[in-house]
>>> print(open('data20.tsv').read())   # TSV, C-alpha atoms and all ligand atoms
chain	number	residue	atom	x	y	z
A	234	MET	CA	-24.57	24.33	-18.62
A	235	LEU	CA	-21.50	25.81	-16.95
A	236	LYS	CA	-23.64	26.80	-14.02
A	237	LEU	CA	-24.94	23.26	-13.68
A	238	PHE	CA	-21.38	21.88	-13.72
A	239	ASN	CA	-20.33	24.40	-11.08
A	240	SER	CA	-23.19	23.50	-8.82
A	241	SER	CA	-22.43	19.77	-9.03
A	242	LYS	CA	-18.72	20.45	-8.49
A	243	HIS	CA	-19.71	22.57	-5.49
A	244	LYS	CA	-21.78	19.70	-4.12
A	245	THR	CA	-18.92	17.22	-4.57
A	246	ASP	CA	-16.45	19.61	-2.92
A	247	ASN	CA	-18.75	20.07	0.04
A	248	ALA	CA	-19.30	16.35	0.42
A	249	ILE	CA	-15.52	15.73	0.37
A	250	ALA	CA	-14.85	18.51	2.88
A	251	SER	CA	-17.44	17.26	5.34
A	252	ALA	CA	-16.31	13.64	4.93
A	253	VAL	CA	-12.68	14.55	5.65
A	254	LYS	CA	-13.79	16.40	8.80
A	255	SER	CA	-14.86	13.01	10.18
A	256	LEU	CA	-11.15	12.17	10.39
A	257	ASN	CA	-10.85	14.71	13.24
A	258	GLN	CA	-11.41	11.92	15.75
A	259	TYR	CA	-8.21	10.17	14.61
A	260	GLY	CA	-5.99	13.11	15.51
A	261	PHE	CA	-5.17	14.58	12.09
A	262	ASP	CA	-4.51	18.29	12.40
A	263	THR	CA	-6.29	21.03	10.45
A	264	THR	CA	-3.50	21.45	7.89
A	265	GLU	CA	-3.38	17.71	7.19
A	266	GLN	CA	-7.15	17.66	6.76
A	267	GLU	CA	-7.14	20.76	4.51
A	268	ASN	CA	-4.42	19.26	2.32
A	269	PHE	CA	-6.33	15.99	2.03
A	270	ILE	CA	-9.55	17.85	1.16
A	271	ASN	CA	-7.70	19.76	-1.55
A	272	PHE	CA	-6.14	16.61	-2.88
A	273	LEU	CA	-9.48	14.80	-3.17
A	274	GLN	CA	-11.26	17.85	-4.63
A	275	ILE	CA	-8.87	19.10	-7.29
A	276	GLN	CA	-6.44	16.31	-8.10
A	277	ASP	CA	-6.40	14.81	-11.59
A	278	SER	CA	-8.67	11.73	-11.49
A	279	ARG	CA	-5.71	9.41	-12.27
A	280	PHE	CA	-4.39	10.21	-8.77
A	281	LEU	CA	-7.62	8.93	-7.22
A	282	TYR	CA	-7.99	5.58	-8.97
A	283	HIS	CA	-5.92	2.62	-7.70
A	284	ALA	CA	-3.50	5.23	-6.44
A	285	ASN	CA	-0.12	4.25	-5.05
A	286	PRO	CA	-0.03	5.50	-1.41
A	287	ARG	CA	3.54	6.77	-1.97
A	288	LEU	CA	2.25	9.13	-4.66
A	289	ILE	CA	-0.33	10.42	-2.19
A	290	ALA	CA	2.38	10.74	0.49
A	291	ASN	CA	4.43	12.82	-1.90
A	292	LYS	CA	1.50	15.08	-2.80
A	293	LEU	CA	0.47	15.55	0.84
A	294	GLN	CA	4.08	15.91	2.02
A	295	LEU	CA	3.57	13.25	4.69
A	296	SER	CA	5.62	10.21	5.65
A	297	GLU	CA	4.53	6.87	4.23
A	298	ARG	CA	3.40	5.73	7.69
A	299	LYS	CA	1.31	8.85	8.30
A	300	THR	CA	-0.21	8.60	4.81
A	301	LEU	CA	-1.17	4.96	5.33
A	302	LYS	CA	-2.79	5.90	8.64
A	303	LEU	CA	-4.70	8.69	6.93
A	304	LEU	CA	-5.87	6.36	4.14
A	305	VAL	CA	-6.87	3.60	6.53
A	306	THR	CA	-8.97	5.99	8.60
A	307	ALA	CA	-10.44	7.38	5.36
A	308	LEU	CA	-11.29	3.79	4.43
A	309	LYS	CA	-12.99	3.29	7.79
A	310	GLU	CA	-15.05	6.46	7.26
A	311	GLY	CA	-16.01	5.45	3.71
A	312	LEU	CA	-14.05	8.13	1.79
A	313	VAL	CA	-11.86	5.69	-0.09
A	314	THR	CA	-11.82	2.06	-1.10
A	315	LEU	CA	-8.87	-0.26	-0.63
A	316	ASN	CA	-7.59	-2.53	-3.37
A	317	TRP	CA	-5.35	-5.55	-2.91
A	318	ASP	CA	-3.98	-5.53	-6.45
A	319	ILE	CA	-1.98	-8.51	-7.65
A	320	GLN	CA	0.87	-8.18	-10.10
A	321	CYS	CA	1.61	-11.24	-12.20
A	322	PRO	CA	5.32	-12.15	-11.87
A	323	LYS	CA	5.32	-13.42	-15.47
A	324	CYS	CA	3.52	-10.86	-17.64
A	325	ARG	CA	3.68	-8.01	-15.04
A	326	GLY	CA	-0.02	-7.37	-15.63
A	327	ILE	CA	-2.03	-6.17	-12.65
A	328	ASP	CA	-5.24	-7.88	-11.70
A	329	PHE	CA	-7.70	-5.81	-9.69
A	330	ALA	CA	-9.02	-8.96	-8.09
A	331	ALA	CA	-9.51	-8.19	-4.44
A	332	THR	CA	-11.17	-5.36	-2.56
A	333	GLN	CA	-10.99	-7.39	0.63
A	334	LEU	CA	-8.30	-9.58	2.07
A	335	GLY	CA	-11.01	-12.24	2.20
A	336	ASN	CA	-10.89	-12.44	-1.62
A	337	LEU	CA	-7.23	-13.43	-1.68
A	338	LYS	CA	-6.18	-17.04	-1.99
A	339	THR	CA	-2.88	-18.89	-1.54
A	340	TRP	CA	-2.63	-19.40	-5.30
A	341	HIS	CA	-3.58	-16.87	-7.96
A	342	VAL	CA	-4.12	-17.39	-11.66
A	343	CYS	CA	-3.27	-14.40	-13.86
A	344	PRO	CA	-6.35	-13.54	-15.97
A	345	VAL	CA	-4.15	-12.44	-18.88
A	346	CYS	CA	-1.44	-15.11	-19.25
A	347	GLN	CA	-2.99	-17.85	-17.04
A	348	HIS	CA	0.25	-18.11	-15.05
A	349	LYS	CA	-0.40	-19.68	-11.63
A	350	HIS	CA	1.61	-18.18	-8.78
A	351	GLU	CA	1.59	-17.82	-5.02
A	352	SER	CA	-0.01	-14.66	-3.63
A	353	ASP	CA	3.20	-13.27	-2.22
A	354	ALA	CA	2.40	-10.42	0.17
A	355	ASP	CA	5.81	-8.76	-0.28
A	356	GLN	CA	6.05	-8.69	-4.03
A	357	GLN	CA	2.88	-9.64	-5.88
A	358	VAL	CA	0.19	-8.24	-3.61
A	359	ARG	CA	0.25	-4.46	-3.45
A	360	VAL	CA	-2.19	-2.00	-1.98
A	361	THR	CA	-3.72	0.99	-3.71
A	362	PHE	CA	-6.59	3.29	-2.80
A	363	SER	CA	-9.38	4.82	-4.88
A	364	ILE	CA	-11.79	7.57	-3.91
A	365	ASP	CA	-15.27	6.26	-3.18
A	366	GLU	CA	-17.13	7.27	-6.34
A	367	ARG	CA	-20.24	8.11	-4.37
A	368	LEU	CA	-18.16	11.02	-3.13
A	369	ARG	CA	-16.55	12.02	-6.42
A	370	PRO	CA	-17.40	10.19	-9.63
A	371	LEU	CA	-14.31	9.61	-11.75
A	372	SER	CA	-13.98	10.03	-15.50
A	373	LYS	CA	-12.92	7.21	-17.81
A	374	GLU	CA	-9.43	8.74	-17.99
A	375	ALA	CA	-8.89	7.81	-14.33
A	376	ASN	CA	-7.98	4.27	-15.36
A	377	ASP	CA	-4.58	4.90	-16.93
A	378	PRO	CA	-2.25	1.86	-16.68
A	379	ILE	CA	0.71	3.68	-18.24
A	380	PHE	CA	0.46	6.45	-15.66
A	381	ARG	CA	0.27	3.88	-12.83
A	382	ASP	CA	3.34	2.03	-14.19
A	383	GLN	CA	5.28	5.29	-14.28
A	384	ILE	CA	4.31	6.08	-10.69
A	385	ASP	CA	5.25	2.56	-9.50
A	386	ALA	CA	8.60	2.84	-11.27
A	387	LEU	CA	9.20	6.22	-9.63
A	388	TYR	CA	8.14	5.43	-6.05
A	389	GLY	CA	7.93	1.63	-5.81
A	390	ALA	CA	4.68	-0.11	-4.91
A	391	VAL	CA	3.42	-0.43	-1.32
A	392	SER	CA	3.19	-4.14	-0.54
A	393	GLY	CA	0.25	-5.91	1.03
A	394	HIS	CA	2.69	-6.95	3.76
A	395	ARG	CA	3.33	-3.27	4.60
A	396	LEU	CA	-0.37	-2.66	5.21
A	397	LEU	CA	-0.69	-5.85	7.27
A	398	THR	CA	2.13	-4.41	9.40
A	399	LEU	CA	0.32	-1.14	10.07
A	400	GLN	CA	-0.90	-1.10	13.68
A	401	MET	CA	-3.83	1.17	12.81
A	402	PHE	CA	-5.03	-1.18	10.08
A	403	ARG	CA	-5.08	-4.08	12.54
A	404	GLU	CA	-6.92	-1.95	15.09
A	405	LEU	CA	-9.56	-0.53	12.73
A	406	PHE	CA	-10.06	-3.74	10.73
A	407	PRO	CA	-9.35	-6.56	13.19
A	408	ARG	CA	-11.42	-9.04	11.24
A	409	GLU	CA	-9.91	-8.26	7.86
A	410	THR	CA	-8.16	-11.55	7.16
A	411	ILE	CA	-7.64	-13.99	4.36
A	412	PRO	CA	-10.14	-16.88	4.21
A	413	PRO	CA	-9.67	-19.85	6.55
A	414	ASN	CA	-7.58	-22.64	4.99
A	415	GLU	CA	-5.76	-20.12	2.79
A	416	SER	CA	-2.38	-18.54	3.50
A	417	LEU	CA	-0.34	-15.63	2.22
A	418	LEU	CA	3.37	-16.09	1.68
A	419	ILE	CA	5.57	-13.44	3.26
A	420	ARG	CA	9.13	-13.66	1.97
A	421	GLN	CA	10.76	-11.46	4.56
A	422	VAL	CA	9.36	-10.55	7.95
A	423	THR	CA	11.19	-9.44	11.08
A	424	ILE	CA	9.62	-10.89	14.19
A	425	LEU	CA	10.18	-9.53	17.67
A	426	PHE	CA	9.14	-11.28	20.86
A	427	THR	CA	9.33	-9.77	24.32
A	428	ASP	CA	8.67	-11.19	27.75
A	429	LEU	CA	9.04	-10.04	31.33
A	430	ALA	CA	11.65	-11.83	33.44
A	431	GLY	CA	10.40	-13.19	36.74
A	432	SER	CA	6.78	-12.20	36.25
A	433	THR	CA	5.59	-14.84	38.75
A	434	ALA	CA	7.67	-13.07	41.41
A	435	LEU	CA	6.36	-9.71	40.18
A	436	TYR	CA	2.73	-10.75	40.76
A	437	SER	CA	3.42	-12.28	44.17
A	438	GLN	CA	5.52	-9.27	45.33
A	439	LYS	CA	3.22	-6.50	44.19
A	440	GLY	CA	-0.14	-8.20	44.32
A	441	ASP	CA	-2.17	-9.07	41.23
A	442	SER	CA	-3.83	-5.74	40.54
A	443	HIS	CA	-0.72	-3.57	41.03
A	444	ALA	CA	1.40	-6.00	39.00
A	445	TYR	CA	-1.20	-6.09	36.25
A	446	SER	CA	-1.34	-2.30	36.16
A	447	LEU	CA	2.45	-2.17	35.68
A	448	VAL	CA	2.27	-4.84	32.98
A	449	ARG	CA	-0.45	-2.80	31.21
A	450	GLN	CA	1.68	0.33	31.33
A	451	HIS	CA	4.64	-1.52	29.85
A	452	PHE	CA	2.32	-2.90	27.10
A	453	ASP	CA	1.22	0.67	26.32
A	454	PHE	CA	4.70	1.92	25.58
A	455	LEU	CA	5.73	-1.27	23.78
A	456	PHE	CA	2.71	-0.87	21.46
A	457	GLU	CA	3.62	2.78	20.89
A	458	LEU	CA	7.24	1.97	20.07
A	459	VAL	CA	6.25	-0.83	17.69
A	460	ASP	CA	3.93	1.57	15.83
A	461	LEU	CA	6.57	4.32	15.79
A	462	HIS	CA	8.98	1.90	14.12
A	463	ASN	CA	6.50	0.91	11.37
A	464	GLY	CA	5.53	-2.38	12.99
A	465	ALA	CA	2.39	-4.04	14.30
A	466	VAL	CA	1.69	-6.02	17.45
A	467	ILE	CA	0.26	-9.33	16.24
A	468	LYS	CA	-0.70	-10.55	19.69
A	469	THR	CA	0.05	-10.53	23.37
A	470	ILE	CA	0.64	-13.82	25.14
A	471	GLY	CA	0.49	-13.40	28.93
A	472	ASP	CA	3.08	-10.69	29.64
A	473	ALA	CA	4.72	-11.13	26.24
A	474	ILE	CA	4.14	-9.50	22.87
A	475	MET	CA	4.77	-10.69	19.35
A	476	ALA	CA	5.36	-7.89	16.85
A	477	THR	CA	6.29	-7.85	13.17
A	478	PHE	CA	8.16	-5.41	10.95
A	479	THR	CA	8.75	-5.32	7.20
A	480	SER	CA	12.40	-4.34	7.70
A	481	PRO	CA	15.05	-5.82	10.06
A	482	ASP	CA	16.30	-2.28	10.74
A	483	ASP	CA	12.92	-1.22	12.12
A	484	GLY	CA	12.66	-4.37	14.26
A	485	LEU	CA	16.05	-3.89	15.84
A	486	LYS	CA	15.58	-0.16	16.38
A	487	ALA	CA	12.25	-0.88	18.07
A	488	ALA	CA	13.98	-3.41	20.36
A	489	ILE	CA	16.67	-0.87	21.32
A	490	ALA	CA	14.01	1.79	21.99
A	491	MET	CA	12.07	-0.68	24.17
A	492	GLN	CA	15.03	-1.41	26.43
A	493	ALA	CA	15.83	2.31	26.72
A	494	LYS	CA	12.21	3.11	27.61
A	495	MET	CA	12.19	0.26	30.14
A	496	GLN	CA	15.11	1.89	31.95
A	497	ASP	CA	13.16	5.17	32.13
A	498	PHE	CA	10.09	3.33	33.35
A	499	ASN	CA	12.06	1.62	36.15
A	500	ARG	CA	13.26	4.96	37.56
A	501	ARG	CA	9.97	5.22	39.44
A	502	PHE	CA	10.94	2.31	41.69
A	503	GLU	CA	13.03	2.77	44.81
A	504	SER	CA	15.18	-0.33	44.51
A	505	PRO	CA	16.38	-2.49	41.59
A	506	GLU	CA	14.57	-5.49	43.09
A	507	GLN	CA	11.32	-3.80	42.03
A	508	TYR	CA	12.38	-3.24	38.40
A	509	LEU	CA	10.51	-4.80	35.51
A	510	ILE	CA	13.07	-6.69	33.43
A	511	LEU	CA	12.37	-6.98	29.73
A	512	LYS	CA	13.66	-9.83	27.56
A	513	VAL	CA	13.71	-9.30	23.78
A	514	GLY	CA	14.49	-11.53	20.80
A	515	VAL	CA	14.49	-10.62	17.09
A	516	HIS	CA	14.76	-12.82	14.01
A	517	SER	CA	13.99	-12.43	10.28
A	518	GLY	CA	12.90	-14.81	7.55
A	519	PRO	CA	9.94	-16.03	5.51
A	520	CYS	CA	6.61	-17.08	6.99
A	521	ILE	CA	2.95	-17.37	6.12
A	522	SER	CA	0.09	-15.15	7.21
A	523	VAL	CA	-3.03	-17.11	8.08
A	524	ASN	CA	-6.45	-16.61	9.59
A	525	LEU	CA	-6.59	-17.92	13.14
A	526	ASN	CA	-9.80	-17.33	15.13
A	527	ASP	CA	-10.76	-14.53	12.70
A	528	ARG	CA	-7.51	-12.65	13.26
A	529	SER	CA	-4.51	-12.58	10.99
A	530	ASP	CA	-1.55	-14.37	12.53
A	531	TYR	CA	1.88	-15.55	11.39
A	532	PHE	CA	3.20	-19.10	11.27
A	533	GLY	CA	6.35	-20.98	10.33
A	534	THR	CA	9.91	-21.77	11.33
A	535	THR	CA	10.82	-18.08	11.44
A	536	VAL	CA	8.16	-17.45	14.09
A	537	ASN	CA	9.23	-20.47	16.16
A	538	THR	CA	12.89	-19.48	15.90
A	539	ALA	CA	12.13	-15.89	16.95
A	540	ALA	CA	10.35	-17.21	20.05
A	541	ARG	CA	13.34	-19.46	20.89
A	542	VAL	CA	15.74	-16.56	20.38
A	543	GLN	CA	13.71	-14.50	22.85
A	544	GLY	CA	14.15	-17.43	25.25
A	545	LEU	CA	17.93	-16.81	25.15
A	546	SER	CA	17.47	-13.24	26.39
A	547	GLU	CA	18.43	-12.82	30.03
A	548	GLY	CA	16.79	-9.44	30.48
A	549	ASN	CA	18.07	-5.89	29.78
A	550	ASP	CA	19.53	-7.25	26.55
A	551	ILE	CA	18.44	-7.92	22.98
A	552	VAL	CA	19.23	-11.25	21.35
A	553	PHE	CA	19.03	-11.48	17.58
A	554	THR	CA	20.23	-13.87	14.90
A	555	SER	CA	22.65	-13.50	12.00
A	556	THR	CA	19.63	-12.81	9.73
A	557	LEU	CA	20.17	-9.25	11.00
A	558	ILE	CA	23.92	-9.36	10.29
A	559	THR	CA	23.89	-6.19	8.19
A	560	GLN	CA	22.60	-4.31	11.22
A	561	VAL	CA	25.45	-5.52	13.46
A	562	LYS	CA	28.07	-3.20	11.97
A	563	ALA	CA	25.84	-0.17	12.43
A	564	ILE	CA	25.14	-1.19	16.02
A	565	LYS	CA	28.81	-1.66	16.83
A	566	ALA	CA	29.32	1.93	15.79
A	567	ILE	CA	26.80	3.14	18.42
A	568	LYS	CA	28.45	4.18	21.65
A	569	HIS	CA	27.33	2.72	24.95
A	570	TYR	CA	26.40	-0.66	23.51
A	571	ILE	CA	28.30	-3.94	23.50
A	572	CYS	CA	27.45	-6.72	21.08
A	573	GLU	CA	28.62	-10.30	21.77
A	574	GLU	CA	28.44	-13.14	19.29
A	575	SER	CA	27.87	-16.79	20.19
A	576	SER	CA	26.67	-20.05	18.71
A	577	GLU	CA	23.56	-21.54	20.28
A	578	VAL	CA	21.57	-24.72	19.84
A	579	LEU	CA	17.87	-23.93	19.71
A	580	LYS	CA	15.25	-26.52	20.56
A	581	GLY	CA	13.73	-27.99	17.42
A	582	LEU	CA	16.53	-26.84	15.10
A	583	SER	CA	19.22	-29.30	13.97
A	584	GLU	CA	21.99	-26.77	13.26
A	585	PRO	CA	23.44	-24.34	15.83
A	586	VAL	CA	22.45	-20.71	15.23
A	587	THR	CA	24.75	-17.69	15.43
A	588	VAL	CA	23.24	-15.12	17.75
A	589	PHE	CA	24.22	-11.67	18.92
A	590	ARG	CA	23.52	-10.29	22.37
A	591	LEU	CA	23.28	-6.53	22.60
A	592	ARG	CA	23.55	-4.72	25.93
A	593	ALA	CA	23.64	-1.08	26.90
A	594	THR	CA	26.75	-0.29	28.91
A	595	LYS	CA	25.11	2.48	30.90
B	1	ZN	ZN	0.26	-12.85	-16.27
>>> encode(input="data20.tsv", output="structure tokens")
Amino acid sequence: MLKLFNSSKHKTDNAIASAVKSLNQYGFDTTEQENFINFLQIQDSRFLYHANPRLIANKLQLSERKTLKLLVTALKEGLVTLNWDIQCPKCRGIDFAATQLGNLKTWHVCPVCQHKHESDADQQVRVTFSIDERLRPLSKEANDPIFRDQIDALYGAVSGHRLLTLQMFRELFPRETIPPNESLLIRQVTILFTDLAGSTALYSQKGDSHAYSLVRQHFDFLFELVDLHNGAVIKTIGDAIMATFTSPDDGLKAAIAMQAKMQDFNRRFESPEQYLILKVGVHSGPCISVNLNDRSDYFGTTVNTAARVQGLSEGNDIVFTSTLITQVKAIKAIKHYICEESSEVLKGLSEPVTVFRLRATK
């Protein structure tokens, strides 16, 4: 009997090891792969059923961002399943309703207390991962709500919004969206818009193909910096990008990194007339995530305001609103930056908006 158990355990272990090796193509190093193999092979089954990604991050000693990337690639390769779990704001019960974003609706009815509430991507919708049971069957003990509550209390849940803001998730699952005519409420999103100043002149000066190649290169590092700061590029519009972040801090830091990188990039040109000039605007607030042309996109006043704020940028600066006021103090403490405050009237908004313009002094 023991021998039989060992041989099936051996088979499972081998299957897990060879499945994890398929993650090679996504750039995970040998140690990260070995640790993940170990985790999936020997971990208590409660860690593999609707598991909080922060618990996995802790066990694998990886950052949350790196862990989410690992789990999303594991999802793509069929090692794990993704759950969009919904927590009822009234009875706190968790409904394992959705394995796909396509199963989520604007309104959700709690199966326990019948409370009807909005599917709020920041607070009610959370993401967890389970091992694919074709790889390792789990015992009944895996489903332990008390254990999961303890873990959530210890680490905090990872929101659906966080996963929607993972660049790799958008790249690997571009068509993973909520159903048409439904929307997900996002209570707090930080939206960043960029644009290139004088791009018409850029194309006429350098010729279309050279100008386009420069624009592509600037897109490449903007995408990289957005990802590095825990954000996702939602779309590009001409020479502009729209990116979102779950925290205002990340959005503003990404903007600062973009302008710094732009300066580096421009060193290749002989004269300042040839420089690419980046305009950036950042604003935070609530919005809704919707399905537009089979891609998830963001809509609402916050998005429109962020675009208008970007319109105030003159280039080589970052304009942001007082929704990021708590970041202002920290920025003022950074050397080599000046931050000016002004009141601006934005098209479509009745009240003037307080904005801050941040510039590097050297
Ligand atoms: Zn309930």
>>> residues_near_ligand(input="data20.tsv", ligand="ligand ZN 1 (chain B)", cutoff="8 Å", atoms="all atoms listed in the file", output="PyMOL selection string")
chain A and resi 320-327+342-348
>>> atom_distance(input="data20.tsv", atom1="atom CA of Arg298 of chain A", atom2="atom CA of Arg381 of chain A")
20.8 Å
>>> closest_residue(input="data20.tsv", among="A:Lys565, A:Arg359, A:Arg408, A:Arg395", to="Asp318 of chain A", atoms="all atoms listed in the file")
A:Arg359
>>> closest_residue(input="data20.tsv", among="A:Glu506, A:Asp246, A:Asp550, A:Glu574", to="Lys439 of chain A", atoms="only C-alpha atoms")
A:Glu506
>>> axis_aligned_box(input="data20.tsv", around="segment 564-575 of chain A", padding_each_side="3 Å", output="JSON")
{"center_x": 27.2, "center_y": -6.3, "center_z": 20.4, "size_x": 10.2, "size_y": 27.0, "size_z": 15.2}
>>> closest_residue(input="data20.tsv", among="A:Pro413, A:Pro519, A:Gly431, A:Pro370", to="His394 of chain A", atoms="all atoms listed in the file")
A:Pro519
>>> residues_around(input="data20.tsv", residues="Ala430 of chain A", least_positions_apart="2", cutoff="12 Å", atoms="all atoms listed in the file", output="PDB file with C-alpha atoms, in the coordinates of the input")
ATOM      1  CA  THR A 427       9.330  -9.770  24.320  1.00  0.00           C
ATOM      2  CA  ASP A 428       8.670 -11.190  27.750  1.00  0.00           C
ATOM      3  CA  SER A 432       6.780 -12.200  36.250  1.00  0.00           C
ATOM      4  CA  THR A 433       5.590 -14.840  38.750  1.00  0.00           C
ATOM      5  CA  ALA A 434       7.670 -13.070  41.410  1.00  0.00           C
ATOM      6  CA  LEU A 435       6.360  -9.710  40.180  1.00  0.00           C
ATOM      7  CA  TYR A 436       2.730 -10.750  40.760  1.00  0.00           C
ATOM      8  CA  VAL A 448       2.270  -4.840  32.980  1.00  0.00           C
ATOM      9  CA  ASP A 472       3.080 -10.690  29.640  1.00  0.00           C
ATOM     10  CA  ALA A 473       4.720 -11.130  26.240  1.00  0.00           C
ATOM     11  CA  GLU A 506      14.570  -5.490  43.090  1.00  0.00           C
ATOM     12  CA  GLN A 507      11.320  -3.800  42.030  1.00  0.00           C
ATOM     13  CA  TYR A 508      12.380  -3.240  38.400  1.00  0.00           C
ATOM     14  CA  LEU A 509      10.510  -4.800  35.510  1.00  0.00           C
ATOM     15  CA  ILE A 510      13.070  -6.690  33.430  1.00  0.00           C
ATOM     16  CA  LEU A 511      12.370  -6.980  29.730  1.00  0.00           C
ATOM     17  CA  LYS A 512      13.660  -9.830  27.560  1.00  0.00           C
ATOM     18  CA  VAL A 513      13.710  -9.300  23.780  1.00  0.00           C
ATOM     19  CA  GLN A 543      13.710 -14.500  22.850  1.00  0.00           C
ATOM     20  CA  GLY A 544      14.150 -17.430  25.250  1.00  0.00           C
ATOM     21  CA  LEU A 545      17.930 -16.810  25.150  1.00  0.00           C
ATOM     22  CA  SER A 546      17.470 -13.240  26.390  1.00  0.00           C
ATOM     23  CA  GLU A 547      18.430 -12.820  30.030  1.00  0.00           C
ATOM     24  CA  GLY A 548      16.790  -9.440  30.480  1.00  0.00           C
ATOM     25  CA  ASN A 549      18.070  -5.890  29.780  1.00  0.00           C
ATOM     26  CA  ASP A 550      19.530  -7.250  26.550  1.00  0.00           C
TER      27      ASP A 550
END
>>> atom_distance(input="data20.tsv", atom1="atom CA of Leu293 of chain A", atom2="atom CA of Tyr388 of chain A")
14.4 Å
>>> atom_distance(input="data20.tsv", atom1="atom CA of Phe532 of chain A", atom2="atom CA of Glu457 of chain A")
23.9 Å
>>> closest_residue(input="data20.tsv", among="A:Ile470, A:Pro378, A:Gly440, A:Pro286", to="Leu396 of chain A", atoms="all atoms listed in the file")
A:Pro286
>>> residues_around(input="data20.tsv", residues="Asn257 of chain A", least_positions_apart="4", cutoff="12 Å", atoms="only C-alpha atoms", output="PDB file with C-alpha atoms, keeping the file's coordinate frame")
ATOM      1  CA  ALA A 250     -14.850  18.510   2.880  1.00  0.00           C
ATOM      2  CA  SER A 251     -17.440  17.260   5.340  1.00  0.00           C
ATOM      3  CA  ALA A 252     -16.310  13.640   4.930  1.00  0.00           C
ATOM      4  CA  VAL A 253     -12.680  14.550   5.650  1.00  0.00           C
ATOM      5  CA  PHE A 261      -5.170  14.580  12.090  1.00  0.00           C
ATOM      6  CA  ASP A 262      -4.510  18.290  12.400  1.00  0.00           C
ATOM      7  CA  THR A 263      -6.290  21.030  10.450  1.00  0.00           C
ATOM      8  CA  THR A 264      -3.500  21.450   7.890  1.00  0.00           C
ATOM      9  CA  GLU A 265      -3.380  17.710   7.190  1.00  0.00           C
ATOM     10  CA  GLN A 266      -7.150  17.660   6.760  1.00  0.00           C
ATOM     11  CA  GLU A 267      -7.140  20.760   4.510  1.00  0.00           C
ATOM     12  CA  LEU A 303      -4.700   8.690   6.930  1.00  0.00           C
ATOM     13  CA  THR A 306      -8.970   5.990   8.600  1.00  0.00           C
ATOM     14  CA  ALA A 307     -10.440   7.380   5.360  1.00  0.00           C
ATOM     15  CA  GLU A 310     -15.050   6.460   7.260  1.00  0.00           C
TER      16      GLU A 310
END
>>> closest_residue(input="data20.tsv", among="A:Ala248, A:Leu417, A:Ile364, A:Ile319", to="Gln276 of chain A", atoms="all atoms listed in the file")
A:Ile364
>>> closest_residue(input="data20.tsv", among="A:Leu256, A:Ile564, A:Ile467, A:Ala290", to="Arg528 of chain A", atoms="all atoms listed in the file")
A:Ile467
>>> residues_near_point(input="data20.tsv", point="(30.0, -9.6, 21.4)", cutoff="8 Å", atoms="all atoms listed in the file", output="NGL selection string")
:A and (571-575 or 589-591)
>>> residues_around(input="data20.tsv", residues="Glu577 of chain A", least_positions_apart="5", cutoff="9 Å", atoms="only C-alpha atoms", output="VMD selection string")
chain A and resid 545 584 to 588
>>> residues_around(input="data20.tsv", residues="Leu281 of chain A", least_positions_apart="5", cutoff="10 Å", atoms="all atoms listed in the file", output="number ranges by chain")
A: 272-274, 276, 289, 313, 361-366, 369, 371, 375-376
>>> residues_near_point(input="data20.tsv", point="(-5.5, -1.0, 8.8)", cutoff="8 Å", atoms="only C-alpha atoms", output="compact mmCIF listing (two decimals) with C-alpha atoms, keeping the file's coordinate frame")
# COMPACT_ATOMS: atom_id res chain seq x y z
CA LYS A 302 -2.79 5.90 8.64
CA VAL A 305 -6.87 3.60 6.53
CA THR A 306 -8.97 5.99 8.60
CA LEU A 396 -0.37 -2.66 5.21
CA LEU A 397 -0.69 -5.85 7.27
CA LEU A 399 0.32 -1.14 10.07
CA GLN A 400 -0.90 -1.10 13.68
CA MET A 401 -3.83 1.17 12.81
CA PHE A 402 -5.03 -1.18 10.08
CA ARG A 403 -5.08 -4.08 12.54
CA GLU A 404 -6.92 -1.95 15.09
CA LEU A 405 -9.56 -0.53 12.73
CA PHE A 406 -10.06 -3.74 10.73
